[in-house]
>>> print(open('upload.txt').read())   # compact mmCIF, C-alpha atoms and all ligand atoms
# COMPACT_ATOMS: atom_id res chain seq x y z
CA MET D 160 -15.70 3.71 -4.70
CA THR D 161 -17.10 2.20 -7.91
CA ASP D 162 -18.36 -1.40 -7.51
CA LEU D 163 -16.83 -1.52 -4.07
CA ALA D 164 -19.25 -4.21 -2.91
CA GLY D 165 -18.15 -6.50 -5.75
CA GLN D 166 -14.48 -5.86 -5.00
CA ILE D 167 -14.90 -6.53 -1.29
CA ALA D 168 -16.89 -9.70 -2.00
CA TYR D 169 -14.05 -11.00 -4.16
CA TRP D 170 -11.31 -10.20 -1.60
CA ASN D 171 -13.39 -11.78 1.17
CA THR D 172 -13.84 -15.06 -0.72
CA ALA D 173 -11.63 -16.37 -3.56
CA GLY D 174 -9.17 -13.48 -3.20
CA ALA D 175 -8.70 -14.16 0.50
CA ALA D 176 -6.97 -17.48 -0.21
CA LYS D 177 -4.41 -16.10 -2.67
CA VAL D 178 -0.67 -15.98 -2.21
CA PHE D 179 0.94 -12.63 -3.11
CA THR D 180 4.52 -12.43 -4.33
CA HIS D 181 5.13 -8.91 -5.65
CA PRO D 182 8.68 -8.20 -4.40
CA LEU D 183 9.70 -5.38 -2.08
CA ASP D 184 13.05 -3.72 -2.76
CA ARG D 185 14.21 -2.92 0.76
CA SER D 186 16.94 -0.61 -0.53
CA TRP D 187 14.23 1.96 -1.33
CA LEU D 188 13.60 2.21 2.42
CA GLY D 189 17.29 2.25 3.31
CA GLY D 190 17.35 5.84 4.57
CA VAL D 191 14.12 5.58 6.56
CA ASP D 192 14.31 5.63 10.36
CA ARG D 193 13.22 2.28 11.84
CA GLY D 194 10.84 4.12 14.19
CA ALA D 195 9.03 5.79 11.28
CA ARG D 196 5.24 5.57 11.15
CA VAL D 197 4.47 3.24 8.23
CA VAL D 198 1.11 2.28 6.68
CA ASP D 199 0.96 -0.76 4.39
CA TYR D 200 -2.17 0.10 2.36
CA GLY D 201 -3.91 -2.95 0.87
CA CYS D 202 -1.75 -5.19 3.02
CA GLY D 203 -3.59 -8.42 2.24
CA TYR D 204 -2.53 -11.05 4.80
CA GLY D 205 0.30 -8.83 6.01
CA ARG D 206 3.12 -10.32 3.94
CA LEU D 207 4.97 -7.00 3.59
CA THR D 208 3.83 -5.63 6.96
CA ALA D 209 5.67 -8.59 8.45
CA GLU D 210 8.66 -8.13 6.16
CA LEU D 211 8.99 -4.53 7.34
CA ALA D 212 8.74 -5.62 10.97
CA ASP D 213 11.45 -8.21 10.30
CA ALA D 214 13.57 -5.43 8.81
CA GLY D 215 13.31 -3.55 12.12
CA PHE D 216 10.41 -1.17 11.51
CA SER D 217 8.61 -0.86 14.84
CA ASN D 218 5.56 1.25 13.98
CA VAL D 219 3.86 -0.42 11.01
CA THR D 220 0.12 -0.80 10.44
CA GLY D 221 -1.44 -2.91 7.71
CA VAL D 222 -4.86 -1.90 6.37
CA ASP D 223 -7.09 -3.61 3.86
CA VAL D 224 -10.62 -3.56 2.50
CA SER D 225 -11.02 -7.31 3.18
CA GLN D 226 -12.06 -8.44 6.66
CA ALA D 227 -11.08 -11.99 5.67
CA LEU D 228 -7.54 -10.99 4.69
CA ILE D 229 -7.18 -8.85 7.82
CA GLY D 230 -8.27 -11.87 9.85
CA ARG D 231 -5.63 -13.98 8.10
CA ALA D 232 -3.03 -11.24 8.69
CA ARG D 233 -3.82 -11.14 12.42
CA GLN D 234 -3.70 -14.91 12.69
CA GLN D 235 -0.31 -15.12 10.97
CA ASN D 236 1.16 -12.05 12.69
CA PRO D 237 -0.45 -11.68 16.13
CA ALA D 238 2.15 -9.17 17.30
CA LEU D 239 1.49 -6.75 14.43
CA HIS D 240 -1.24 -4.14 14.00
CA PHE D 241 -3.91 -4.38 11.30
CA TYR D 242 -7.33 -2.90 10.66
CA ALA D 243 -10.02 -3.28 8.03
CA LEU D 244 -11.17 -0.19 6.15
CA THR D 245 -14.89 0.52 6.61
CA ASP D 246 -15.04 3.40 4.11
CA PRO D 247 -12.15 2.93 1.66
CA PRO D 248 -9.93 4.66 0.91
CA THR D 249 -10.45 6.64 4.14
CA LEU D 250 -7.79 5.86 6.72
CA HIS D 251 -7.99 6.35 10.49
CA GLU D 252 -4.71 8.23 10.46
CA PRO D 253 -4.72 11.99 11.06
CA THR D 254 -3.53 14.38 8.35
CA ASP D 255 0.27 14.67 8.02
CA SER D 256 0.87 11.87 10.54
CA VAL D 257 2.48 9.11 8.46
CA ASP D 258 6.12 8.91 7.34
CA VAL D 259 5.84 6.10 4.78
CA VAL D 260 2.99 4.50 2.84
CA LEU D 261 3.50 1.25 1.00
CA LEU D 262 1.10 0.65 -1.91
CA PHE D 263 1.97 -2.73 -3.36
CA ALA D 264 -0.08 -4.47 -6.03
CA VAL D 265 -3.18 -2.47 -5.04
CA LEU D 266 -3.68 0.21 -7.71
CA THR D 267 -4.27 -2.44 -10.37
CA CYS D 268 -7.08 -3.79 -8.17
CA VAL D 269 -8.88 -0.41 -8.22
CA PRO D 270 -10.60 -0.32 -11.62
CA SER D 271 -11.59 3.30 -12.14
CA ASP D 272 -9.25 6.25 -12.64
CA ASP D 273 -11.38 8.38 -10.29
CA ASP D 274 -11.12 5.82 -7.50
CA GLN D 275 -7.37 5.53 -8.04
CA ARG D 276 -7.11 9.34 -7.76
CA ARG D 277 -9.23 9.32 -4.58
CA LEU D 278 -6.96 6.68 -3.12
CA ILE D 279 -3.77 8.63 -3.93
CA ASP D 280 -5.36 11.82 -2.52
CA GLU D 281 -6.10 10.03 0.76
CA LEU D 282 -2.54 8.73 0.98
CA ALA D 283 -1.25 12.24 0.29
CA ARG D 284 -3.49 13.55 3.09
CA VAL D 285 -2.05 11.24 5.74
CA LEU D 286 1.57 11.52 4.59
CA ARG D 287 3.53 14.22 6.39
CA PRO D 288 5.45 16.76 4.30
CA GLY D 289 8.64 14.96 3.28
CA GLY D 290 6.97 11.57 3.67
CA LEU D 291 7.52 8.71 1.27
CA LEU D 292 4.98 6.94 -0.93
CA TYR D 293 6.43 3.69 -2.26
CA ILE D 294 4.20 2.37 -5.05
CA SER D 295 4.92 -0.86 -6.84
CA ASP D 296 2.58 -2.67 -9.17
CA SER D 297 2.56 -5.02 -12.10
CA GLY D 298 2.50 -3.67 -15.62
CA GLN D 299 4.65 -1.23 -17.51
CA LEU D 300 4.73 2.52 -17.05
CA ARG D 301 3.98 4.22 -20.34
CA PRO D 302 6.90 6.37 -21.55
CA GLY D 303 6.48 9.83 -20.06
CA SER D 304 3.84 8.70 -17.56
CA ARG D 305 4.01 10.10 -14.06
CA THR D 306 2.87 8.64 -10.77
CA HIS D 307 2.63 11.54 -8.43
CA VAL D 308 2.11 12.89 -4.99
CA ASP D 309 4.37 15.84 -5.43
CA SER D 310 6.28 17.32 -8.32
CA ARG D 311 9.58 15.90 -7.09
CA HIS D 312 9.63 12.18 -7.63
CA ASP D 313 11.69 9.37 -8.97
CA GLU D 314 10.53 6.51 -11.17
CA ARG D 315 12.30 3.41 -12.31
CA GLN D 316 11.61 -0.02 -13.72
CA SER D 317 12.63 -3.06 -11.72
CA SER D 318 14.43 -5.90 -13.46
CA ALA D 319 11.22 -7.95 -13.24
CA GLY D 320 9.57 -5.42 -15.53
CA ASP D 321 7.24 -4.27 -12.80
CA ALA D 322 6.71 -0.61 -12.19
CA ASP D 323 8.21 0.88 -9.05
CA SER D 324 7.55 4.47 -8.24
CA ARG D 325 8.82 6.30 -5.21
CA SER D 326 7.47 9.74 -4.46
CA ALA D 327 8.75 12.01 -1.78
CA GLN D 328 7.88 15.50 -0.74
CA GLY D 329 10.82 17.67 0.17
CA GLU D 330 13.43 15.12 -0.87
C1 LIG D 401 -2.74 -8.31 -4.99
S1 LIG D 401 -3.17 -8.06 -3.31
C2 LIG D 401 -1.66 -7.36 -2.65
C3 LIG D 401 -1.56 -7.50 -1.15
C4 LIG D 401 -0.28 -6.95 -0.52
N1 LIG D 401 -0.11 -5.55 -0.82
C5 LIG D 401 0.93 -7.74 -0.95
O1 LIG D 401 1.65 -7.29 -1.87
O2 LIG D 401 1.16 -8.81 -0.40
C6 LIG D 401 -4.24 -6.64 -3.39
C7 LIG D 401 -4.80 -6.26 -2.03
O3 LIG D 401 -5.44 -4.98 -2.16
C8 LIG D 401 -6.63 -5.02 -1.39
N2 LIG D 401 -7.53 -4.01 -1.96
C9 LIG D 401 -8.15 -4.03 -3.15
N3 LIG D 401 -8.85 -2.90 -3.34
C10 LIG D 401 -8.67 -2.16 -2.22
C11 LIG D 401 -9.14 -0.88 -1.81
N4 LIG D 401 -9.94 -0.14 -2.58
N5 LIG D 401 -8.75 -0.41 -0.60
C12 LIG D 401 -7.92 -1.17 0.19
N6 LIG D 401 -7.45 -2.37 -0.15
C13 LIG D 401 -7.82 -2.86 -1.34
C14 LIG D 401 -7.14 -6.44 -1.51
O4 LIG D 401 -8.03 -6.80 -0.51
C15 LIG D 401 -5.83 -7.22 -1.47
O5 LIG D 401 -5.47 -7.53 -0.17
>>> encode(input="upload.txt", output="structure tokens", more="lines below")
Ligand SMILES: C[S@@+](CC[C@H](N)C(=O)[O-])C[C@H]1O[C@@H](n2cnc3c(N)ncnc32)[C@H](O)[C@@H]1O
Amino acid sequence: MTDLAGQIAYWNTAGAAKVFTHPLDRSWLGGVDRGARVVDYGCGYGRLTAELADAGFSNVTGVDVSQALIGRARQQNPALHFYALTDPPTLHEPTDSVDVVLLFAVLTCVPSDDDQRRLIDELARVLRPGGLLYISDSGQLRPGSRTHVDSRHDERQSSAGDADSRSAQGE
């Protein structure tokens, strides 16, 4: 990834002390089985990984490029599973093995379009057919813009003006 060393250095130092607040709309996961395999990509200190566990999801893994944030996540949530990415965006998960990926406030931290595409391609690789990619980030979607994994998808704006995009294959 472009300037990955600089990115990692930031998230291992000043970025590792931040508090993240980007809200999860649980209703988007309403129809998902609580035993579903879920990956929280760019989980930070595991804020949403823990929220999903609190909501009853029993098979959630948080992954992040920052060893420092993964350390913080493990300290705050010792019962949950986290790992640090050694070659982002490559995940340990086999192809077609994941039911849901959460990508919250991460895409805006990946500066280049090519790296964003590589990241989405990797998430599409691990997602099983029919799986769900729940992307939410700050900023407005341009009219007519599309966030994609598959041709069938649904986009909407949250009341906070943040962009939520839910993509599902076979929905
Ligand atoms: C704004 S924080 C959001 C954290 C978490 N998703 C949340 O909402 O609480 C962005 C996170 O993305 C991680 N990140 C940035 N670039 C990444 C990359 N290329 N691969 C994986 N994680 C990345 C950072 O380390 C940081 O934890």
>>> residues_near_ligand(input="upload.txt", ligand="ligand LIG 401 (chain D)", cutoff="9 Å", atoms="only C-alpha atoms and all ligand atoms", output="PDB file with C-alpha atoms, in the coordinates of the input")
ATOM      1  CA  MET D 160     -15.700   3.710  -4.700  1.00  0.00           C
ATOM      2  CA  LEU D 163     -16.830  -1.520  -4.070  1.00  0.00           C
ATOM      3  CA  GLN D 166     -14.480  -5.860  -5.000  1.00  0.00           C
ATOM      4  CA  ILE D 167     -14.900  -6.530  -1.290  1.00  0.00           C
ATOM      5  CA  TYR D 169     -14.050 -11.000  -4.160  1.00  0.00           C
ATOM      6  CA  TRP D 170     -11.310 -10.200  -1.600  1.00  0.00           C
ATOM      7  CA  ASN D 171     -13.390 -11.780   1.170  1.00  0.00           C
ATOM      8  CA  GLY D 174      -9.170 -13.480  -3.200  1.00  0.00           C
ATOM      9  CA  ALA D 175      -8.700 -14.160   0.500  1.00  0.00           C
ATOM     10  CA  LYS D 177      -4.410 -16.100  -2.670  1.00  0.00           C
ATOM     11  CA  VAL D 178      -0.670 -15.980  -2.210  1.00  0.00           C
ATOM     12  CA  PHE D 179       0.940 -12.630  -3.110  1.00  0.00           C
ATOM     13  CA  THR D 180       4.520 -12.430  -4.330  1.00  0.00           C
ATOM     14  CA  HIS D 181       5.130  -8.910  -5.650  1.00  0.00           C
ATOM     15  CA  PRO D 182       8.680  -8.200  -4.400  1.00  0.00           C
ATOM     16  CA  LEU D 183       9.700  -5.380  -2.080  1.00  0.00           C
ATOM     17  CA  ASP D 199       0.960  -0.760   4.390  1.00  0.00           C
ATOM     18  CA  TYR D 200      -2.170   0.100   2.360  1.00  0.00           C
ATOM     19  CA  GLY D 201      -3.910  -2.950   0.870  1.00  0.00           C
ATOM     20  CA  CYS D 202      -1.750  -5.190   3.020  1.00  0.00           C
ATOM     21  CA  GLY D 203      -3.590  -8.420   2.240  1.00  0.00           C
ATOM     22  CA  TYR D 204      -2.530 -11.050   4.800  1.00  0.00           C
ATOM     23  CA  GLY D 205       0.300  -8.830   6.010  1.00  0.00           C
ATOM     24  CA  ARG D 206       3.120 -10.320   3.940  1.00  0.00           C
ATOM     25  CA  LEU D 207       4.970  -7.000   3.590  1.00  0.00           C
ATOM     26  CA  THR D 208       3.830  -5.630   6.960  1.00  0.00           C
ATOM     27  CA  VAL D 222      -4.860  -1.900   6.370  1.00  0.00           C
ATOM     28  CA  ASP D 223      -7.090  -3.610   3.860  1.00  0.00           C
ATOM     29  CA  VAL D 224     -10.620  -3.560   2.500  1.00  0.00           C
ATOM     30  CA  SER D 225     -11.020  -7.310   3.180  1.00  0.00           C
ATOM     31  CA  GLN D 226     -12.060  -8.440   6.660  1.00  0.00           C
ATOM     32  CA  ALA D 227     -11.080 -11.990   5.670  1.00  0.00           C
ATOM     33  CA  LEU D 228      -7.540 -10.990   4.690  1.00  0.00           C
ATOM     34  CA  ILE D 229      -7.180  -8.850   7.820  1.00  0.00           C
ATOM     35  CA  ALA D 243     -10.020  -3.280   8.030  1.00  0.00           C
ATOM     36  CA  LEU D 244     -11.170  -0.190   6.150  1.00  0.00           C
ATOM     37  CA  ASP D 246     -15.040   3.400   4.110  1.00  0.00           C
ATOM     38  CA  PRO D 247     -12.150   2.930   1.660  1.00  0.00           C
ATOM     39  CA  PRO D 248      -9.930   4.660   0.910  1.00  0.00           C
ATOM     40  CA  THR D 249     -10.450   6.640   4.140  1.00  0.00           C
ATOM     41  CA  LEU D 261       3.500   1.250   1.000  1.00  0.00           C
ATOM     42  CA  LEU D 262       1.100   0.650  -1.910  1.00  0.00           C
ATOM     43  CA  PHE D 263       1.970  -2.730  -3.360  1.00  0.00           C
ATOM     44  CA  ALA D 264      -0.080  -4.470  -6.030  1.00  0.00           C
ATOM     45  CA  VAL D 265      -3.180  -2.470  -5.040  1.00  0.00           C
ATOM     46  CA  LEU D 266      -3.680   0.210  -7.710  1.00  0.00           C
ATOM     47  CA  THR D 267      -4.270  -2.440 -10.370  1.00  0.00           C
ATOM     48  CA  CYS D 268      -7.080  -3.790  -8.170  1.00  0.00           C
ATOM     49  CA  VAL D 269      -8.880  -0.410  -8.220  1.00  0.00           C
ATOM     50  CA  PRO D 270     -10.600  -0.320 -11.620  1.00  0.00           C
ATOM     51  CA  ASP D 274     -11.120   5.820  -7.500  1.00  0.00           C
ATOM     52  CA  GLN D 275      -7.370   5.530  -8.040  1.00  0.00           C
ATOM     53  CA  LEU D 278      -6.960   6.680  -3.120  1.00  0.00           C
ATOM     54  CA  SER D 295       4.920  -0.860  -6.840  1.00  0.00           C
ATOM     55  CA  ASP D 296       2.580  -2.670  -9.170  1.00  0.00           C
TER      56      ASP D 296
END
>>> closest_residue(input="upload.txt", among="D:Arg277, D:Arg231, D:Arg185, D:Arg196", to="Val259 in chain D", atoms="all atoms listed in the file")
D:Arg196
>>> residues_near_point(input="upload.txt", point="(15.7, 2.0, -0.3)", cutoff="12 Å", atoms="only C-alpha atoms", output="PyMOL selection string")
chain D and resi 183-192+214+259+291-293+323-325
>>> atom_distance(input="upload.txt", atom1="CA of Ala173 in chain D", atom2="CA of Asp280 in chain D")
28.9 Å
>>> atom_distance(input="upload.txt", atom1="CA of Val198 in chain D", atom2="CA of Arg276 in chain D")
18.1 Å
>>> residues_around(input="upload.txt", residues="Val219 in chain D", least_positions_apart="2", cutoff="9 Å", atoms="all atoms listed in the file", output="PyMOL selection string")
chain D and resi 194-199+208-209+211-212+216-217+221+239-241
>>> closest_residue(input="upload.txt", among="D:Asp272, D:Asp162, D:Glu252, D:Asp213", to="Val285 in chain D", atoms="only C-alpha atoms")
D:Glu252
>>> atom_distance(input="upload.txt", atom1="CA of Asp258 in chain D", atom2="CA of Ser297 in chain D")
24.2 Å
>>> residues_near_point(input="upload.txt", point="(3.3, 10.2, 9.4)", cutoff="6 Å", atoms="all atoms listed in the file", output="list of chain:residue names")
D:Arg196, D:Asp255, D:Ser256, D:Val257, D:Asp258, D:Leu286, D:Arg287
>>> closest_residue(input="upload.txt", among="D:Thr220, D:Thr254, D:Ser271, D:Gln235", to="Gly290 in chain D", atoms="all atoms listed in the file")
D:Thr254
